[in-house]
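Student: So I've got this file, start.cif, and it contains mmCIF, C-alpha atoms:
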```cif
data_data
#
loop_
_atom_site.label_atom_id
_atom_site.label_comp_id
_atom_site.auth_asym_id
_atom_site.auth_seq_id
_atom_site.Cartn_x
_atom_site.Cartn_y
_atom_site.Cartn_z
CA MET N 212 166.80 109.75 42.59
CA ARG N 213 165.37 108.48 45.85
CA ILE N 214 163.18 110.93 47.73
CA ILE N 215 161.97 111.03 51.34
CA ASP N 216 159.19 113.47 52.17
CA ALA N 217 159.78 114.41 55.80
CA HIS N 218 156.59 116.43 56.29
CA VAL N 219 153.26 114.84 55.35
CA HIS N 220 149.92 115.01 57.17
CA LEU N 221 147.33 112.26 57.29
CA TYR N 222 144.16 112.12 59.37
CA PRO N 223 141.87 109.39 60.73
CA PRO N 224 138.99 108.27 58.46
CA ALA N 225 136.41 110.06 60.63
CA ALA N 226 138.24 113.37 60.12
CA ASN N 227 138.44 112.78 56.37
CA ALA N 228 134.72 112.02 56.16
CA ASP N 229 133.60 115.27 57.80
CA PRO N 230 136.56 117.54 58.64
CA ALA N 231 134.56 120.47 59.99
CA GLY N 232 132.22 118.30 62.04
CA TRP N 233 135.10 116.22 63.38
CA ALA N 234 136.98 119.38 64.38
CA MET N 235 133.94 120.76 66.20
CA ALA N 236 133.34 117.49 68.05
CA HIS N 237 137.01 117.36 69.11
CA GLY N 238 137.32 121.01 70.10
CA GLU N 239 139.98 121.66 67.44
CA ALA N 240 138.95 125.09 66.18
CA HIS N 241 142.45 126.16 65.14
CA TRP N 242 142.96 123.08 62.95
CA ALA N 243 139.58 123.76 61.35
CA ALA N 244 140.55 127.38 60.65
CA LEU N 245 143.73 126.29 58.91
CA CYS N 246 142.70 123.10 57.16
CA THR N 247 138.99 123.17 56.33
CA ARG N 248 138.59 126.65 54.89
CA ARG N 249 138.24 127.60 51.25
CA ARG N 250 140.09 130.32 49.42
CA ARG N 251 138.41 133.27 47.78
CA ASP N 252 138.22 131.37 44.48
CA GLY N 253 136.25 128.60 46.19
CA HIS N 254 139.03 126.01 46.14
CA ALA N 255 139.73 124.09 49.34
CA VAL N 256 143.12 124.73 50.92
CA GLN N 257 143.74 121.00 51.06
CA ILE N 258 142.24 117.58 50.46
CA PHE N 259 141.78 114.75 52.96
CA PRO N 260 143.34 111.60 51.46
CA SER N 261 143.30 108.08 52.81
CA ALA N 262 146.54 106.19 53.35
CA ASP N 263 146.03 104.46 50.00
CA ASP N 264 145.48 107.83 48.30
CA LEU N 265 148.71 109.07 49.86
CA LEU N 266 150.68 106.06 48.64
CA ARG N 267 149.40 106.57 45.11
CA GLU N 268 150.46 110.23 45.26
CA LEU N 269 153.92 109.25 46.52
CA ASP N 270 154.27 106.79 43.66
CA ALA N 271 153.22 109.39 41.10
CA ALA N 272 155.78 111.88 42.43
CA GLY N 273 158.60 109.36 42.77
CA VAL N 274 158.72 109.59 46.56
CA GLU N 275 160.10 106.46 48.19
CA ARG N 276 159.05 107.11 51.78
CA ALA N 277 157.10 109.69 53.77
CA ILE N 278 157.12 110.72 57.40
CA LEU N 279 153.63 111.31 58.77
CA LEU N 280 153.42 114.24 61.14
CA GLY N 281 150.68 114.77 63.65
CA TRP N 282 149.31 118.20 64.39
CA TYR N 283 149.57 120.79 67.12
CA TRP N 284 146.28 119.66 68.57
CA GLU N 285 144.69 121.73 71.32
CA ASN N 286 143.48 118.66 73.24
CA ALA N 287 145.40 115.68 74.57
CA ALA N 288 142.62 113.25 73.59
CA THR N 289 142.99 114.26 69.95
CA CYS N 290 146.73 113.68 70.21
CA ALA N 291 146.16 110.14 71.50
CA GLU N 292 143.64 109.40 68.73
CA GLN N 293 146.07 110.59 66.07
CA ASN N 294 148.92 108.56 67.56
CA ARG N 295 146.89 105.32 67.57
CA PHE N 296 145.90 105.93 63.97
CA PHE N 297 149.52 106.50 62.99
CA ALA N 298 150.71 103.39 64.79
CA ALA N 299 148.20 101.25 62.89
CA THR N 300 148.98 102.96 59.58
CA VAL N 301 152.73 102.48 59.93
CA ARG N 302 152.27 98.82 60.86
CA ALA N 303 150.33 98.35 57.62
CA HIS N 304 152.85 100.22 55.45
CA ARG N 305 156.18 99.94 57.24
CA ASP N 306 158.14 99.89 54.00
CA ARG N 307 156.77 103.28 52.88
CA LEU N 308 155.68 105.24 55.94
CA ALA N 309 157.10 106.36 59.28
CA ALA N 310 155.39 108.67 61.76
CA PHE N 311 155.84 111.20 64.54
CA ALA N 312 153.62 111.38 67.62
CA THR N 313 151.85 114.43 68.96
CA VAL N 314 151.26 115.39 72.59
CA HIS N 315 149.80 118.15 74.73
CA PRO N 316 151.24 118.96 78.19
CA GLY N 317 147.74 119.85 79.37
CA ALA N 318 147.18 116.15 80.03
CA GLY N 319 149.54 116.43 83.02
CA ARG N 320 153.05 115.12 83.51
CA ALA N 321 152.32 111.42 84.05
CA ALA N 322 149.83 111.07 81.19
CA THR N 323 151.91 113.13 78.75
CA LEU N 324 155.12 111.20 79.36
CA ALA N 325 153.20 107.91 79.20
CA GLU N 326 151.85 108.95 75.79
CA VAL N 327 155.38 109.65 74.55
CA ARG N 328 156.59 106.28 75.78
CA ARG N 329 153.62 104.46 74.27
CA ALA N 330 154.17 106.15 70.91
CA HIS N 331 157.85 105.21 71.01
CA ASN N 332 156.99 101.61 71.84
CA ASP N 333 154.50 101.63 68.95
CA GLY N 334 157.35 102.47 66.59
CA LEU N 335 156.82 106.20 66.11
CA ILE N 336 160.15 107.91 65.53
CA GLY N 337 159.68 111.49 66.70
CA LEU N 338 157.37 114.15 68.09
CA GLY N 339 155.58 116.71 65.96
CA GLU N 340 154.45 118.73 64.26
CA LEU N 341 154.03 120.60 67.55
CA SER N 342 153.51 124.29 68.24
CA PRO N 343 153.59 125.53 71.83
CA HIS N 344 152.36 128.92 70.61
CA SER N 345 149.28 127.36 68.98
CA GLN N 346 148.73 124.79 71.74
CA HIS N 347 148.73 127.55 74.36
CA PHE N 348 151.65 126.59 76.57
CA ALA N 349 154.92 128.38 77.25
CA MET N 350 158.29 127.19 75.96
CA ASP N 351 159.47 126.79 79.56
CA GLU N 352 156.31 124.97 80.71
CA PRO N 353 157.52 122.23 83.11
CA VAL N 354 155.72 119.27 81.49
CA TRP N 355 156.97 120.36 78.06
CA GLN N 356 160.49 120.50 79.44
CA ASP N 357 160.04 116.97 80.77
CA VAL N 358 158.81 115.84 77.34
CA LEU N 359 161.98 117.19 75.75
CA ALA N 360 164.14 115.50 78.38
CA LEU N 361 162.41 112.21 77.56
CA ALA N 362 162.86 112.88 73.84
CA THR N 363 166.58 113.21 74.54
CA ASP N 364 166.63 109.85 76.34
CA LEU N 365 164.57 108.09 73.63
CA ARG N 366 166.40 109.86 70.78
CA LEU N 367 163.18 111.23 69.32
CA ALA N 368 163.48 114.14 66.89
CA VAL N 369 161.03 116.99 67.48
CA ASN N 370 159.35 118.86 64.62
CA LEU N 371 158.05 122.33 65.47
CA HIS N 372 155.82 124.64 63.46
CA VAL N 373 157.46 128.00 62.73
CA THR N 374 155.86 131.09 61.23
CA ASP N 375 158.17 133.49 59.40
CA PRO N 376 157.68 136.85 61.17
CA ALA N 377 157.76 138.54 57.75
CA SER N 378 155.04 136.33 56.26
CA ARG N 379 151.72 137.74 55.12
CA PRO N 380 148.54 137.38 57.20
CA PHE N 381 146.28 134.37 56.64
CA PRO N 382 143.36 132.83 58.58
CA GLY N 383 144.67 131.02 61.65
CA ARG N 384 148.14 132.58 61.52
CA ILE N 385 149.94 132.44 64.89
CA GLU N 386 153.06 134.40 65.74
CA THR N 387 156.01 132.20 66.74
CA PRO N 388 158.90 134.44 67.86
CA LEU N 389 162.14 133.01 66.47
CA VAL N 390 164.00 133.75 69.71
CA ASP N 391 161.90 131.04 71.37
CA PHE N 392 163.32 128.35 69.10
CA THR N 393 166.88 129.53 69.60
CA TRP N 394 166.37 129.34 73.37
CA LEU N 395 164.80 125.88 73.14
CA ALA N 396 167.57 124.43 70.96
CA ARG N 397 170.23 125.71 73.32
CA ALA N 398 168.35 124.55 76.41
CA HIS N 399 168.08 121.00 75.00
CA PRO N 400 171.25 120.29 73.03
CA GLY N 401 170.52 116.55 73.08
CA VAL N 402 167.30 116.95 71.08
CA THR N 403 167.34 117.13 67.29
CA PHE N 404 164.85 119.84 66.39
CA ILE N 405 163.33 120.07 62.92
CA LEU N 406 161.90 123.54 62.33
CA ALA N 407 159.14 123.40 59.74
CA HIS N 408 158.65 125.84 56.85
CA TRP N 409 162.34 126.70 56.46
CA GLY N 410 162.39 127.53 60.17
CA GLY N 411 160.77 130.87 59.48
CA SER N 412 164.17 132.01 58.09
CA LEU N 413 165.82 131.44 61.47
CA PRO N 414 169.64 131.61 61.15
CA LEU N 415 171.29 128.32 62.12
CA THR N 416 174.48 129.86 63.46
CA ASP N 417 175.55 128.06 66.66
CA LEU N 418 172.53 125.73 66.54
CA PRO N 419 174.10 122.38 65.61
CA ASN N 420 171.05 120.36 66.73
CA VAL N 421 168.60 122.13 64.39
CA PHE N 422 167.39 121.02 60.96
CA LEU N 423 164.96 122.84 58.67
CA ASP N 424 162.27 121.32 56.49
CA THR N 425 160.87 122.86 53.32
CA ALA N 426 157.15 122.27 54.03
CA ALA N 427 154.70 124.58 52.24
CA SER N 428 157.59 126.38 50.56
CA PRO N 429 155.70 127.48 47.40
CA LEU N 430 153.02 129.16 49.53
CA LEU N 431 155.58 131.07 51.59
CA TYR N 432 158.55 131.83 49.34
CA GLY N 433 159.43 132.03 45.68
CA PRO N 434 161.50 129.39 43.84
CA ASP N 435 164.64 131.39 44.62
CA VAL N 436 164.41 130.21 48.24
CA TRP N 437 166.44 127.13 47.26
CA ALA N 438 169.44 129.37 46.65
CA ARG N 439 169.71 129.77 50.43
CA ILE N 440 171.07 126.23 50.61
CA GLY N 441 174.84 126.22 50.70
CA ARG N 442 174.92 130.00 50.93
CA ASN N 443 173.47 130.71 54.39
CA VAL N 444 171.80 127.38 55.20
CA PRO N 445 174.04 124.29 55.55
CA VAL N 446 172.97 121.73 52.95
CA GLU N 447 173.40 118.88 55.43
CA ARG N 448 170.67 120.31 57.67
CA VAL N 449 167.78 120.67 55.23
CA LEU N 450 165.07 118.02 54.83
CA PHE N 451 162.72 117.89 51.87
CA GLY N 452 159.15 118.19 53.15
CA SER N 453 156.01 119.04 51.24
CA ASP N 454 153.16 119.61 53.75
CA TYR N 455 150.98 117.32 51.61
CA PRO N 456 147.93 117.32 51.32
CA LEU N 457 148.10 121.12 51.37
CA ASP N 458 147.49 122.66 47.93
CA LEU N 459 150.89 124.18 47.18
CA TYR N 460 150.11 125.92 43.88
CA PRO N 461 146.53 127.19 44.23
CA ARG N 462 146.91 130.00 41.69
CA THR N 463 148.73 128.18 38.91
CA GLN N 464 148.13 124.44 39.40
CA PRO N 465 145.28 123.90 41.87
CA GLY N 466 145.11 120.35 43.16
CA ALA N 467 148.30 119.36 41.34
CA GLY N 468 149.71 117.25 44.18
CA LEU N 469 153.35 116.54 44.92
CA ARG N 470 154.89 116.33 41.46
CA PRO N 471 155.30 120.07 40.78
CA PHE N 472 156.97 120.61 44.15
CA VAL N 473 159.41 117.76 43.59
CA ALA N 474 160.22 119.31 40.22
CA GLU N 475 160.68 122.76 41.78
CA ALA N 476 163.06 121.39 44.41
CA ALA N 477 165.06 119.38 41.87
CA HIS N 478 165.43 122.45 39.68
CA GLY N 479 166.20 124.82 42.54
CA LEU N 480 168.78 122.79 44.43
CA PRO N 481 172.22 123.95 43.32
CA ASP N 482 173.83 120.65 42.27
CA GLU N 483 173.54 116.87 42.35
CA ALA N 484 175.20 116.59 45.76
CA ALA N 485 172.68 119.03 47.25
CA ARG N 486 169.77 117.18 45.65
CA ALA N 487 170.96 113.87 47.09
CA ALA N 488 171.41 115.38 50.55
CA VAL N 489 168.12 117.27 50.78
CA PHE N 490 165.95 114.68 49.04
CA SER N 491 167.04 111.71 51.12
CA ALA N 492 170.58 111.44 52.52
CA ASN N 493 170.02 113.89 55.39
CA ALA N 494 166.86 112.10 56.51
CA ARG N 495 168.53 108.70 56.25
CA ARG N 496 171.40 109.91 58.42
CA LEU N 497 169.11 111.56 60.96
CA PHE N 498 166.85 108.53 61.39
CA GLY N 499 169.49 105.84 60.93
CA TRP N 500 167.97 104.42 57.73
CA LYS N 501 170.18 102.57 55.27
#
```
I need this file expressed as structure tokens, please.
Tutor:
Amino acid sequence: MRIIDAHVHLYPPAANADPAGWAMAHGEAHWAALCTRRRRDGHAVQIFPSADDLLRELDAAGVERAILLGWYWENAATCAEQNRFFAATVRAHRDRLAAFATVHPGAGRAATLAEVRRAHNDGLIGLGELSPHSQHFAMDEPVWQDVLALATDLRLAVNLHVTDPASRPFPGRIETPLVDFTWLARAHPGVTFILAHWGGSLPLTDLPNVFLDTAASPLLYGPDVWARIGRNVPVERVLFGSDYPLDLYPRTQPGAGLRPFVAEAAHGLPDEAARAAVFSANARRLFGWK
């Protein structure tokens, strides 16, 4: 079965070489808190692969294509650096990788919209993973509203980080009230929103422009989460996403990579039609891929 992973992170070589030092130099303390820490058992929460490492992992897990997501950076300069890196990476691996751009309204209206247009011209196909709550701007911030208007015009999907309000505490956890996403989706019906991490269990009733991805699912929910699909989550609006290179099974299979999660999803999805939809058909339809 063909598989598209709609939620993968990849960082520039300088970040991979010294994540903590790079974060400090870039003023990205929140990213450092989430991505460079170690758990109580001493294991790192994630690794920092190169593009070639990522492609080998995709091959091992049977993943045909991955969508690279940026991060909810706290500084516009970091956003631009990530976007240039993604543009070059996608050019080198166009058959396997696509990418979203990341922006910060703090750059001002002209610079922020110019960054969106440049990313679009460079072949990036969406915006995200963004998080207004983590990037310290309001959902109704004027430049952010202009970004979403431009995303409507350019037909760019927007991936947003969502924290389940019932989830347990962890270092770097930020509250993301679900009502904010409902308001945003209704305020911008022309934007396709992808809410990461199962959308924090947000109900999709009357939100036809909202998809969910399954990123980090094993860290947030048990395997029974897949039973939501078809019962209270429309199967046609779920995208398989891993959150690679995050370690998804730190207690049972530390450092195992993508393969166990692919196996969990294949086992948990209710039938062959659901597997086809979630693993690839929904993403192909959303992004116009044959």
Student: Which residues, named as in the file, does the PyMOL selection byres ((chain N and resi 351) around 12) pick out? Answer as a list in words.
Tutor: Pro316, Pro343, His344, His347, Phe348, Ala349, Met350, Glu352, Pro353, Val354, Trp355, Gln356, Asp357, Val358, Leu359, Asp391, Phe392, Trp394, Leu395, Ala398 and His399 of chain N
Student: Mind giving me the straight-line distance from atom CA of N:Pro481 to atom CA of N:Pro434 in Å, one decimal?
Tutor: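 Computed distance, atom CA of N:Pro481 to atom CA of N:Pro434, equals 12.0 Å.
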Student: So that I can see what lies close to N:Thr289, please list as a ChimeraX atom specification the residues with an atom at most 10 Å from it, counting all atoms listed in the file and leaving out residues fewer than 6 positions away in the same chain.
Tutor: /N:234,237-239,281-283,313-315
Student: The PyMOL selection byres ((chain N and resi 339) around 8) - which residues does that actually catch in the file I just gave you? List them as a list in words.
Tutor: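 What the PyMOL selection byres ((chain N and resi 339) around 8) grabs from the file is Leu280, Gly281, Trp282, Tyr283, Phe311, Ala312, Thr313, Gly337, Leu338, Glu340, Leu341, Val369, Asn370 and Leu371 of chain N.
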Student: Which of these, N:Ile405, N:Ala362, N:Val473, N:Leu418, has the shortest distance to N:Val449 once you count only C-alpha atoms?
Tutor: N:Ile405
Student: Could you state the separation of atom CA of N:Cys290 and atom CA of N:Asn420 in Å, given to one decimal place?
Tutor: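 Here the two named atoms are 25.5 Å from each other.
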Student: I need the residue nearest N:Thr300 from this list: N:Gly334, N:Gly452, N:Pro382, N:Gly273. Use all atoms listed in the file for the distance.
Tutor: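 That would be N:Gly334, the residue with the smallest distance to N:Thr300.
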Student: Record the distance separating atom CA of N:His218 and atom CA of N:Asp454, expressed in Å with one decimal.
Tutor: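 One can read the atom CA of N:His218 to atom CA of N:Asp454 distance as 5.3 Å.
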Student: Measuring between all atoms listed in the file, which one of N:Leu265, N:Leu480, N:Ile336, N:Leu457 shows the shortest distance to N:His304?
Tutor: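 The answer is N:Leu265, which sits nearest to N:His304.
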Student: Please write the residues picked by the PyMOL selection byres ((chain N and resi 301) around 10) on this file as number ranges by chain.
Tutor: N: 262, 278-279, 296-300, 302-310, 333-335
Student: Keeping C-alpha atoms for every residue in the selection just given, could you write it to a file as a PDB file, in the frame of the given file?
Tutor:
```pdb
ATOM      1  CA  ALA N 262     146.540 106.190  53.350  1.00  0.00           C
ATOM      2  CA  ILE N 278     157.120 110.720  57.400  1.00  0.00           C
ATOM      3  CA  LEU N 279     153.630 111.310  58.770  1.00  0.00           C
ATOM      4  CA  PHE N 296     145.900 105.930  63.970  1.00  0.00           C
ATOM      5  CA  PHE N 297     149.520 106.500  62.990  1.00  0.00           C
ATOM      6  CA  ALA N 298     150.710 103.390  64.790  1.00  0.00           C
ATOM      7  CA  ALA N 299     148.200 101.250  62.890  1.00  0.00           C
ATOM      8  CA  THR N 300     148.980 102.960  59.580  1.00  0.00           C
ATOM      9  CA  ARG N 302     152.270  98.820  60.860  1.00  0.00           C
ATOM     10  CA  ALA N 303     150.330  98.350  57.620  1.00  0.00           C
ATOM     11  CA  HIS N 304     152.850 100.220  55.450  1.00  0.00           C
ATOM     12  CA  ARG N 305     156.180  99.940  57.240  1.00  0.00           C
ATOM     13  CA  ASP N 306     158.140  99.890  54.000  1.00  0.00           C
ATOM     14  CA  ARG N 307     156.770 103.280  52.880  1.00  0.00           C
ATOM     15  CA  LEU N 308     155.680 105.240  55.940  1.00  0.00           C
ATOM     16  CA  ALA N 309     157.100 106.360  59.280  1.00  0.00           C
ATOM     17  CA  ALA N 310     155.390 108.670  61.760  1.00  0.00           C
ATOM     18  CA  ASP N 333     154.500 101.630  68.950  1.00  0.00           C
ATOM     19  CA  GLY N 334     157.350 102.470  66.590  1.00  0.00           C
ATOM     20  CA  LEU N 335     156.820 106.200  66.110  1.00  0.00           C
TER      21      LEU N 335
END
```
Student: Give me the residues within 12 Å of N:Gly499 as a VMD selection string, counting only C-alpha atoms and dropping any in the same chain fewer than 5 places off.
Tutor: chain N and resid 336 366 to 368 491 to 494
Student: With distances taken over all atoms listed in the file, which residue among N:Asp458, N:Asp417, N:Glu447, N:Glu268 lies nearest N:Pro429?
Tutor: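 Checking each candidate against N:Pro429, we get N:Asp458 as the closest.
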